[in-house]
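Asks: Okay, so here is start.cif, and as you'll see once you scroll down, it has mmCIF, C-alpha atoms, pLDDT in the B column; chains and numbers go by the auth columns.
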```cif
data_run
#
loop_
_atom_site.group_PDB
_atom_site.id
_atom_site.type_symbol
_atom_site.label_atom_id
_atom_site.label_comp_id
_atom_site.label_asym_id
_atom_site.label_seq_id
_atom_site.Cartn_x
_atom_site.Cartn_y
_atom_site.Cartn_z
_atom_site.B_iso_or_equiv
_atom_site.auth_seq_id
_atom_site.auth_asym_id
ATOM 1 C CA MET A 1 207.181 144.195 46.601 84.00 101 I
ATOM 2 C CA ARG A 2 204.044 145.912 47.861 90.00 102 I
ATOM 3 C CA ILE A 3 202.666 146.270 44.355 91.00 103 I
ATOM 4 C CA ALA A 4 203.201 142.546 43.683 90.00 104 I
ATOM 5 C CA ALA A 5 201.399 141.663 46.919 90.00 105 I
ATOM 6 C CA LEU A 6 198.508 143.994 46.062 90.00 106 I
ATOM 7 C CA LEU A 7 198.265 142.514 42.552 91.00 107 I
ATOM 8 C CA ALA A 8 198.301 138.997 43.984 91.00 108 I
ATOM 9 C CA LEU A 9 195.606 139.955 46.512 91.00 109 I
ATOM 10 C CA ALA A 10 193.509 141.578 43.774 92.00 110 I
ATOM 11 C CA LEU A 11 193.866 138.462 41.599 92.00 111 I
ATOM 12 C CA VAL A 12 192.793 136.240 44.504 93.00 112 I
ATOM 13 C CA LEU A 13 189.766 138.474 45.172 93.00 113 I
ATOM 14 C CA VAL A 14 188.741 138.404 41.512 93.00 114 I
ATOM 15 C CA VAL A 15 189.046 134.612 41.385 92.00 115 I
ATOM 16 C CA LEU A 16 187.089 134.291 44.643 93.00 116 I
ATOM 17 C CA GLY A 17 184.404 136.650 43.302 92.00 117 I
ATOM 18 C CA ILE A 18 184.057 134.597 40.132 92.00 118 I
ATOM 19 C CA GLU A 19 183.775 131.369 42.141 91.00 119 I
ATOM 20 C CA VAL A 20 181.200 132.870 44.515 91.00 120 I
ATOM 21 C CA ARG A 21 179.117 133.995 41.533 91.00 121 I
ATOM 22 C CA ARG A 22 179.370 130.529 39.953 91.00 122 I
ATOM 23 C CA PHE A 23 178.335 128.821 43.201 89.00 123 I
ATOM 24 C CA TRP A 24 175.441 131.272 43.580 90.00 124 I
ATOM 25 C CA ALA A 25 174.207 130.459 40.045 88.00 125 I
ATOM 26 C CA GLU A 26 174.511 126.725 40.723 89.00 126 I
ATOM 27 C CA GLY A 27 172.584 127.162 43.970 87.00 127 I
ATOM 28 C CA ASN A 28 169.752 128.984 42.189 87.00 128 I
ATOM 29 C CA GLY A 29 169.625 126.279 39.525 88.00 129 I
ATOM 30 C CA ALA A 30 169.572 123.616 42.222 89.00 130 I
ATOM 31 C CA GLU A 31 166.680 125.377 43.993 90.00 131 I
ATOM 32 C CA GLN A 32 164.664 125.476 40.775 91.00 132 I
ATOM 33 C CA THR A 33 165.402 121.804 40.123 91.00 133 I
ATOM 34 C CA MET A 34 164.406 120.970 43.690 92.00 134 I
ATOM 35 C CA GLY A 35 161.116 122.830 43.240 92.00 135 I
ATOM 36 C CA ARG A 36 160.305 120.857 40.090 94.00 136 I
ATOM 37 C CA ILE A 37 161.197 117.587 41.795 95.00 137 I
ATOM 38 C CA GLU A 38 159.039 118.441 44.822 96.00 138 I
ATOM 39 C CA GLU A 39 156.093 119.211 42.516 96.00 139 I
ATOM 40 C CA LYS A 40 156.548 115.867 40.757 97.00 140 I
ATOM 41 C CA LEU A 41 156.696 114.170 44.155 97.00 141 I
ATOM 42 C CA ARG A 42 153.430 115.830 45.249 97.00 142 I
ATOM 43 C CA ARG A 43 151.726 114.697 42.035 97.00 143 I
ATOM 44 C CA ALA A 44 153.079 111.161 42.441 97.00 144 I
ATOM 45 C CA GLU A 45 151.879 111.026 46.061 97.00 145 I
ATOM 46 C CA SER A 46 148.444 112.253 45.001 97.00 146 I
ATOM 47 C CA GLU A 47 148.273 109.675 42.225 97.00 147 I
ATOM 48 C CA SER A 48 149.408 106.982 44.651 97.00 148 I
ATOM 49 C CA ALA A 49 146.651 107.936 47.091 97.00 149 I
ATOM 50 C CA GLU A 50 144.063 107.763 44.282 97.00 150 I
ATOM 51 C CA LEU A 51 145.346 104.346 43.217 97.00 151 I
ATOM 52 C CA ASP A 52 145.249 103.112 46.814 96.00 152 I
ATOM 53 C CA ALA A 53 141.631 104.273 47.096 96.00 153 I
ATOM 54 C CA THR A 54 140.784 102.492 43.840 94.00 154 I
ATOM 55 C CA ILE A 55 142.451 99.307 45.065 94.00 155 I
ATOM 56 C CA GLN A 56 140.474 99.461 48.307 95.00 156 I
ATOM 57 C CA TYR A 57 137.274 99.975 46.293 94.00 157 I
ATOM 58 C CA TYR A 58 137.894 96.943 44.089 92.00 158 I
ATOM 59 C CA ARG A 59 138.856 94.735 47.065 94.00 159 I
ATOM 60 C CA GLU A 60 135.164 94.663 48.013 93.00 160 I
ATOM 61 C CA PRO A 61 133.543 91.834 46.023 91.00 161 I
ATOM 62 C CA GLU A 62 130.291 93.778 45.607 92.00 162 I
ATOM 63 C CA ASN A 63 132.067 96.748 44.046 92.00 163 I
ATOM 64 C CA LEU A 64 134.128 94.509 41.770 89.00 164 I
ATOM 65 C CA GLU A 65 131.000 92.731 40.557 87.00 165 I
ATOM 66 C CA LYS A 66 129.192 96.050 40.029 89.00 166 I
ATOM 67 C CA GLU A 67 132.067 97.360 37.869 89.00 167 I
ATOM 68 C CA MET A 68 132.288 94.110 35.891 87.00 168 I
ATOM 69 C CA ARG A 69 128.556 94.281 35.153 83.00 169 I
ATOM 70 C CA ALA A 70 128.770 97.929 34.066 84.00 170 I
ATOM 71 C CA ARG A 71 131.882 97.639 31.915 87.00 171 I
ATOM 72 C CA PHE A 72 131.831 94.122 30.501 84.00 172 I
ATOM 73 C CA ASN A 73 128.156 93.027 30.597 78.00 173 I
ATOM 74 C CA TYR A 74 129.135 90.423 33.178 79.00 174 I
ATOM 75 C CA ARG A 75 126.461 88.021 34.348 80.00 175 I
ATOM 76 C CA SER A 76 126.395 85.283 36.963 80.00 176 I
ATOM 77 C CA ALA A 77 125.833 81.627 36.096 80.00 177 I
ATOM 78 C CA GLY A 78 122.196 81.052 35.219 83.00 178 I
ATOM 79 C CA GLU A 79 121.491 84.760 34.989 83.00 179 I
ATOM 80 C CA LYS A 80 120.072 86.125 31.732 82.00 180 I
ATOM 81 C CA LEU A 81 121.360 89.348 30.234 75.00 181 I
ATOM 82 C CA LEU A 82 118.869 91.665 28.593 77.00 182 I
ATOM 83 C CA ILE A 83 120.087 94.540 26.426 77.00 183 I
ATOM 84 C CA LEU A 84 117.506 97.119 25.373 81.00 184 I
ATOM 85 C CA VAL A 85 118.079 98.978 22.109 86.00 185 I
ATOM 86 C CA PRO A 86 115.872 101.960 21.209 85.00 186 I
ATOM 87 C CA LYS A 87 113.706 101.605 18.066 86.00 187 I
ATOM 88 C CA GLU A 88 114.573 104.986 16.612 82.00 188 I
ATOM 89 C CA PRO A 89 117.936 106.651 16.533 70.00 189 I
ATOM 90 C CA THR A 90 118.444 109.048 19.402 63.00 190 I
ATOM 91 C CA SER A 91 120.376 111.575 17.323 63.00 191 I
ATOM 92 C CA THR A 92 118.131 114.564 16.666 58.00 192 I
ATOM 93 C CA ALA A 93 120.482 116.108 14.123 55.00 193 I
ATOM 94 C CA SER A 94 119.717 113.499 11.447 54.00 194 I
ATOM 95 C CA SER A 95 115.988 113.073 12.162 53.00 195 I
ATOM 96 C CA VAL A 96 114.931 116.729 12.255 53.00 196 I
ATOM 97 C CA PRO A 97 114.284 118.263 8.813 54.00 197 I
ATOM 98 C CA ALA A 98 116.144 121.476 8.027 54.00 198 I
ATOM 99 C CA ALA A 99 114.129 124.674 8.445 54.00 199 I
ATOM 100 C CA SER A 100 113.122 126.502 5.251 51.00 200 I
ATOM 101 C CA PRO A 101 114.121 130.162 4.840 50.00 201 I
#
```
If you took the structure in this file and wrote it as structure tokens, what would it be?
Replies:
Amino acid sequence: MRIAALLALALVLVVLGIEVRRFWAEGNGAEQTMGRIEEKLRRAESESAELDATIQYYREPENLEKEMRARFNYRSAGEKLLILVPKEPTSTASSVPAASP
């Protein structure tokens, strides 16, 4: 009877040990997942702050007009747009003759 009780106790301890090890592994995996999620959250919060700053910038009519002029050649009614194009190409690679050996 004692041997059966000891075997049963040993079996219970082995099963408990296996379960503890499995829970430990799951906990470590959960910690790693949590770390990745927290990093994604920090990046998303940073991106959100940048977008909020951009929105605040473009809410000012002067800034919006300045960006429209720079990006889209915007002009007001009655305003003339003048685009200056250089006479010669600015690329020096094609206009400089190759050096002789």
Asks: Interatomic distance between CA of Leu181 in chain I and CA of Arg169 in chain I?
Replies: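 Computing the Euclidean distance for CA of Leu181 in chain I and CA of Arg169 in chain I yields 10.0 Å.
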Asks: Between CA of Leu106 in chain I and CA of Val120 in chain I, what is the distance, to one decimal in Å?
Replies: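 According to the coordinates, CA of Leu106 in chain I and CA of Val120 in chain I are separated by 20.6 Å.
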Asks: Can you work out the spacing between CA of Val185 in chain I and CA of Ala170 in chain I in Å, to one decimal?
Replies: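 That distance, rounded to one decimal, is 16.1 Å.
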